[in-house]
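The structure appears right after this line, and notes come after that.
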Amino acid sequence: MSAPIVRTVAELRTVVAGWRRTGASVAVVPTMGALHEGHLSLVHSALQTADRVIVTLFVNPKQFNSAADLAAYPRTENEDAAKLAPLGAHVLYVPEAAEMYPDGFATTVSVSGVSDGLCGAFRPGHFDGVATVVAKLFLQTGADFAFFGEKDFQQLHVVKRMVRDLDIPIVVVPCPTVREADGLALSSRNARLSPTERAIAPKLASILVETAERLANGSPVTSTLAEARAAVLSAGYREVEYLELRGEADLQPIASIDRPARLIVAAWLGETRLIDNLRMPWSSLLADQMPRACQELAAGTASLIAVRLP
């Protein structure tokens, strides 16, 4: 049986109030629809954590940088509902744009610092749109837990900082990136890839793994990252917006692996923008520990072997 669909804030709050009267805990999984196994893994995690789970389906116009990109984003409510039906989510919240942003809407939530650089530099205003809609979803659902994938690692930081700074009573739960068997990080945008582009796409992940191995073995950060960017272009991508080593805790650029870190990349394959990231090992990279460190490079993502292409 499919979960009931609600489309207004008032209707949603009535449902949640009924749950609260029974003492139930509530989780929310915010999505823009076009669901794939990555989204479904978030729903699985939410169902294991909370008594009731709300999945939101809303293509947020405020986080798109172009009207064409917004228009091209898939709207697949019926298919999404069918995918969610076997999982047991309790409500699908599918508001219209006018419900989220009624006439006269004039408020923007902006998170500085962690939104600077990376996607923030190439998509001006994007994270203001993300923070604004996520803040509204948290307030509308009144959820205790919110589940986000680590693939959008900067977005995860923005949401966590917003929750902390605004004292929103919700726990943000990060979940590992889910990948195809060839290593490509799952994304709704993958559906836009042509067959030729789809064959090229996994090379982004394999280059991240190879770069992580080189850095773990002591290769200089600056030159290694430059070579990785060149490798992405040689693989068939038309543009690398960024490929950087950032501190995992604060997203600050770092020049050595002396703390938990992430390799983070955004690149264009044809007309499709793909992002990915990989956790790096840190601090204990001594010679006698190197084999174990290399085995753990892709912890929480795909294994090294799974993402390596022939």
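As shown in the structure tokens, the chain order sets the letters A, B, ...; within each chain, residues go from 1, and ligands are also counted from 1 in the order they appear.
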Return as JSON, numbers by chain the full set of residues in segment 74-275 of chain A whose backbone-based DSSP assignment is strand (DSSP E or B).
{"A": [91, 92, 93, 145, 146, 147, 148, 149, 171, 172, 173, 174, 175, 179, 185, 239, 240, 241, 242, 243, 244, 245, 246, 247, 253, 261, 262, 263, 264, 265, 266, 267, 268, 269, 272, 273, 274, 275]}
If you take only C-alpha atoms and a cut-off of 12 Å, which residues of segment 5-54 of chain A touch segment 132-136 of chain A, and what are their nearest atom pairs and distances in Å to one decimal, in chain and number order, as CSV?
residue,atom,partner,partner_atom,distance
A:Val9,CA,A:Lys136,CA,10.0
A:Val28,CA,A:Val134,CA,10.4
A:Val29,CA,A:Val134,CA,10.4
A:Pro30,CA,A:Val134,CA,7.6
A:Thr31,CA,A:Val134,CA,9.9
A:Met32,CA,A:Val133,CA,10.9
Once you count only C-alpha atoms, what closest atom pair and distance in Å to one decimal does each residue of segment 120-219 of chain A within 7 Å of segment 228-242 of chain A have, with rows by chain and rising residue number, as a Markdown table?
| residue | atom | partner | partner_atom | distance |
| --- | --- | --- | --- | --- |
| A:Ile200 | CA | A:Gly236 | CA | 6.6 |
| A:Lys203 | CA | A:Ala235 | CA | 6.7 |
| A:Leu204 | CA | A:Val232 | CA | 6.3 |
| A:Ile207 | CA | A:Ala228 | CA | 6.6 |
| A:Thr211 | CA | A:Ala228 | CA | 6.5 |
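Closest approach to Asp116 of chain A among A:Glu210, A:Asp250, A:Asp69, A:Asp103 is made by A:Asp250 (distances from only C-alpha atoms).
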Show which residues sit within 8 Å of segment 140-155 of chain A, as an MDAnalysis selection string. Count only C-alpha atoms, and ignore same-chain residues fewer than 3 positions away.
chainID A and resid 9 12:13 16 25:30 38:39 42:43 45:46 50 54 114:115 118:119 127 130 136:137 158:159 169:177 185 251 275:277
As a VMD selection string, please: every residue in segment 75-258 of chain A that a backbone DSSP assignment puts in alpha helix (DSSP H).
chain A and resid 77 to 84 97 to 100 119 to 122 126 to 141 153 to 165 195 to 200 203 to 216 221 to 235
Excluding Asn65 of chain A and any residue of its chain fewer than 2 positions from it, enumerate the residues within 10 Å of it, using only C-alpha atoms, and give them as a ChimeraX atom specification.
/A:61-63,67-70,122-126,129
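Atom CA of Leu263 of chain A to atom CA of Leu278 of chain A spans 5.2 Å [interatomic distance, one decimal].
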How far is it from atom CA of Ala106 of chain A to atom CA of Ile5 of chain A, in Å with one decimal?
27.6 Å
Need to verify the contact set: Leu215 of chain A, 10 Å, only C-alpha atoms, exclusion of same-chain residues closer than 4 positions in sequence. Can you return it as a list in words?
Val209, Glu210, Thr211, Ser219, Pro220, Val221, Thr224, Leu225, Leu245, Ser256, Ile257, Met280 and Pro281 of chain A
Selection export as a CSV table (one decimal), in the first residue's frame, atoms kept: C-alpha atoms:
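New file selection_13.csv:
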chain,number,residue,atom,x,y,z
A,209,VAL,CA,40.4,6.7,-5.7
A,210,GLU,CA,43.7,6.8,-7.6
A,211,THR,CA,44.4,10.3,-6.4
A,219,SER,CA,52.6,12.6,-3.3
A,220,PRO,CA,52.5,16.5,-3.1
A,221,VAL,CA,49.0,17.8,-2.8
A,224,THR,CA,48.7,15.6,-7.5
A,225,LEU,CA,45.4,17.5,-7.6
A,245,LEU,CA,41.3,18.5,-0.8
A,256,SER,CA,48.5,18.0,3.8
A,257,ILE,CA,46.6,15.1,5.2
A,280,MET,CA,40.8,10.4,3.0
A,281,PRO,CA,42.7,8.6,5.8
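Take atom CA of His44 of chain A and atom CA of Ser2 of chain A: the distance between them is 15.5 Å.
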Restricting to only C-alpha atoms, whichever of A:Leu269, A:Ala255, A:Val178, A:Ala72 is closest to Gly218 of chain A is A:Ala255
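Taking only C-alpha atoms, the non-local environment of Ala81 of chain A within 9 Å (same-chain residues fewer than 3 positions away omitted) comprises Ser2, Ala3, Ile5, Thr76, Glu77, Asn78, Leu84, Ala85 and Leu92 of chain A.
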